[in-house]
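Colleague: Just passing along the structure, written as structure tokens.
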Amino acid sequence: MKLKLRTGDKVLIRIGKDKNERGTIQRVVDAKTDHPRVIVEGLNMCRKHVKPNQSLPQGGILEKEKPIQPCKIMLICPSCGQPARVGRKNLADGKHARFCKKCGELIDKL
């Protein structure tokens with residue numbers, strides 16, 4: 001199944017410790033595999049303890065974003081501003097475009 005989320009989309013977290021928080025997709029991880037993940041900017045943060053090494057000589061605790069499953073987030077429609085499901089439409093020129101199932105507007109501006 002094709003992933004309907006892309007880098008730069010505004011999303012709403014539906015499940016977990018960051019429930020009802022909004023953010024922007026920073027990166028899509030493993031989009032071509034059976035288990036794609038999405039990294040949302042500033043959300044689903046974790047702490048990682050790092051030993052001293054060449055890149056970080058003093059070591060310490062780093063804060064970084066962890067990937068989230070796409071089923072736990074929902075795209076926010078740019079036209080209506082509401083979280084909505086996403087569909088795909090065939091256009092007249094033979095290309096596909098994403099559309100909001102709530103208001104019917106195209107999400108991908110051509």
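A note on labels: chains of the structure tokens are A, B, ... as shown, every chain counts residues from 1, and ligands are counted from 1 in their shown order.
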What are the DSSP strand (DSSP E or B) residues of chain A, as number ranges by chain?
Modeller: A: 10-13, 22-29, 37-40, 45-50, 60-65, 68, 73-76, 83, 86-90, 96-100, 106
Colleague: Considering only C-alpha atoms, return as a PyMOL selection string whatever protein or nucleic-acid residues lie within 9 Å of A:Asp9, sequence-local ones (same chain, fewer than 6 positions apart) excluded.
Modeller: chain A and resi 23-26+75-78
Colleague: For the selection just defined, write its residues with N, CA and C atoms to a file, as a compact mmCIF listing (two decimals), in the first residue's frame.
Modeller:
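Resulting contents of selection-v1.txt:
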# COMPACT_ATOMS: atom_id res chain seq x y z
N GLY A 23 2.41 18.89 14.31
CA GLY A 23 3.79 19.08 13.89
C GLY A 23 3.93 18.87 12.40
N THR A 24 5.15 19.01 11.91
CA THR A 24 5.45 18.86 10.50
C THR A 24 6.30 17.62 10.30
N ILE A 25 6.03 16.87 9.24
CA ILE A 25 6.82 15.68 8.95
C ILE A 25 8.20 16.11 8.50
N GLN A 26 9.21 15.62 9.23
CA GLN A 26 10.59 15.96 8.93
C GLN A 26 11.18 14.97 7.94
N LEU A 75 -3.25 13.50 8.68
CA LEU A 75 -2.89 14.68 7.92
C LEU A 75 -3.87 15.82 8.20
N ILE A 76 -3.34 17.04 8.33
CA ILE A 76 -4.18 18.22 8.49
C ILE A 76 -4.33 18.86 7.11
N CYS A 77 -5.55 19.00 6.66
CA CYS A 77 -5.84 19.55 5.33
C CYS A 77 -5.43 21.02 5.29
N PRO A 78 -4.66 21.45 4.26
CA PRO A 78 -4.27 22.86 4.20
C PRO A 78 -5.42 23.80 3.90
Colleague: Show me, as a list of chain:residue names, the residues that have an atom within 12 Å of A:Asp30 when counting only C-alpha atoms, minus same-chain residues fewer than 4 positions from it.
Modeller: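 Near A:Asp30, the qualifying residues are A:Lys2, A:Leu3, A:Asp34, A:His35, A:Pro36, A:Arg37, A:Val38, A:Ile39, A:Pro67, A:Ile68, A:Gln69, A:Pro70.
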Colleague: Determine the nearest neighbour of A:Gln82 from the options A:Val29, A:Glu41, A:Leu12, A:Lys48, counting only C-alpha atoms.
Modeller: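 Closest residue, counting only C-alpha atoms: A:Leu12.
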Colleague: Would you kindly return, as a PyMOL selection string, each protein, DNA or RNA residue with an atom no farther than 8 Å from any atom of A:Lys66, considering only C-alpha atoms and excluding same-chain residues fewer than 3 positions away?
Modeller: chain A and resi 39+44-46
Colleague: For atom CA of A:Lys17 and atom CA of A:Ile61, determine how far apart the two atoms are, in Å to one decimal place.
Modeller: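 A separation of 20.4 Å between them.
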Colleague: So the first atom is atom CA of A:Leu5 and the second is atom CA of A:Cys80; what is the distance between them in Å, to one decimal place?
Modeller: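 Going from atom CA of A:Leu5 over to atom CA of A:Cys80 covers 17.3 Å.
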Colleague: Given the choices A:Lys72, A:Arg6, A:Arg22, A:Arg85, which gets closest to A:Lys102 if the distance is worked out from only C-alpha atoms?
Modeller: A:Arg85
Colleague: Using only C-alpha atoms, determine which residues lie at most 6 Å from A:Val86, disregarding the query and same-chain residues fewer than 3 positions distant; provide the list as a list in words.
Modeller: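 Near A:Val86, the qualifying residues are Phe99, Cys100 and Lys101 of chain A.
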Colleague: Mind giving me the straight-line distance from atom CA of A:Pro83 to atom CA of A:Arg47 in Å, one decimal?
Modeller: 29.1 Å
Colleague: Within 10 Å of A:Asn20, counting only C-alpha atoms, which residues qualify if same-chain residues fewer than 5 places away don't, as a ChimeraX atom specification?
Modeller: /A:11-15,73
Colleague: Go ahead and save the picked residues with N, CA and C atoms, as a compact mmCIF listing (two decimals), in the first residue's frame.
Modeller:
# COMPACT_ATOMS: atom_id res chain seq x y z
N VAL A 11 0.72 17.42 10.39
CA VAL A 11 -0.02 16.26 10.89
C VAL A 11 -0.43 16.46 12.34
N LEU A 12 -1.39 15.63 12.77
CA LEU A 12 -1.87 15.59 14.15
C LEU A 12 -1.58 14.21 14.70
N ILE A 13 -0.98 14.14 15.90
CA ILE A 13 -0.72 12.86 16.55
C ILE A 13 -2.01 12.42 17.24
N ARG A 14 -2.47 11.20 16.94
CA ARG A 14 -3.74 10.71 17.49
C ARG A 14 -3.58 9.84 18.71
N ILE A 15 -2.44 9.16 18.85
CA ILE A 15 -2.25 8.17 19.91
C ILE A 15 -0.89 8.39 20.56
N ILE A 73 -0.90 8.87 13.13
CA ILE A 73 -0.97 10.29 12.82
C ILE A 73 -2.00 10.53 11.73
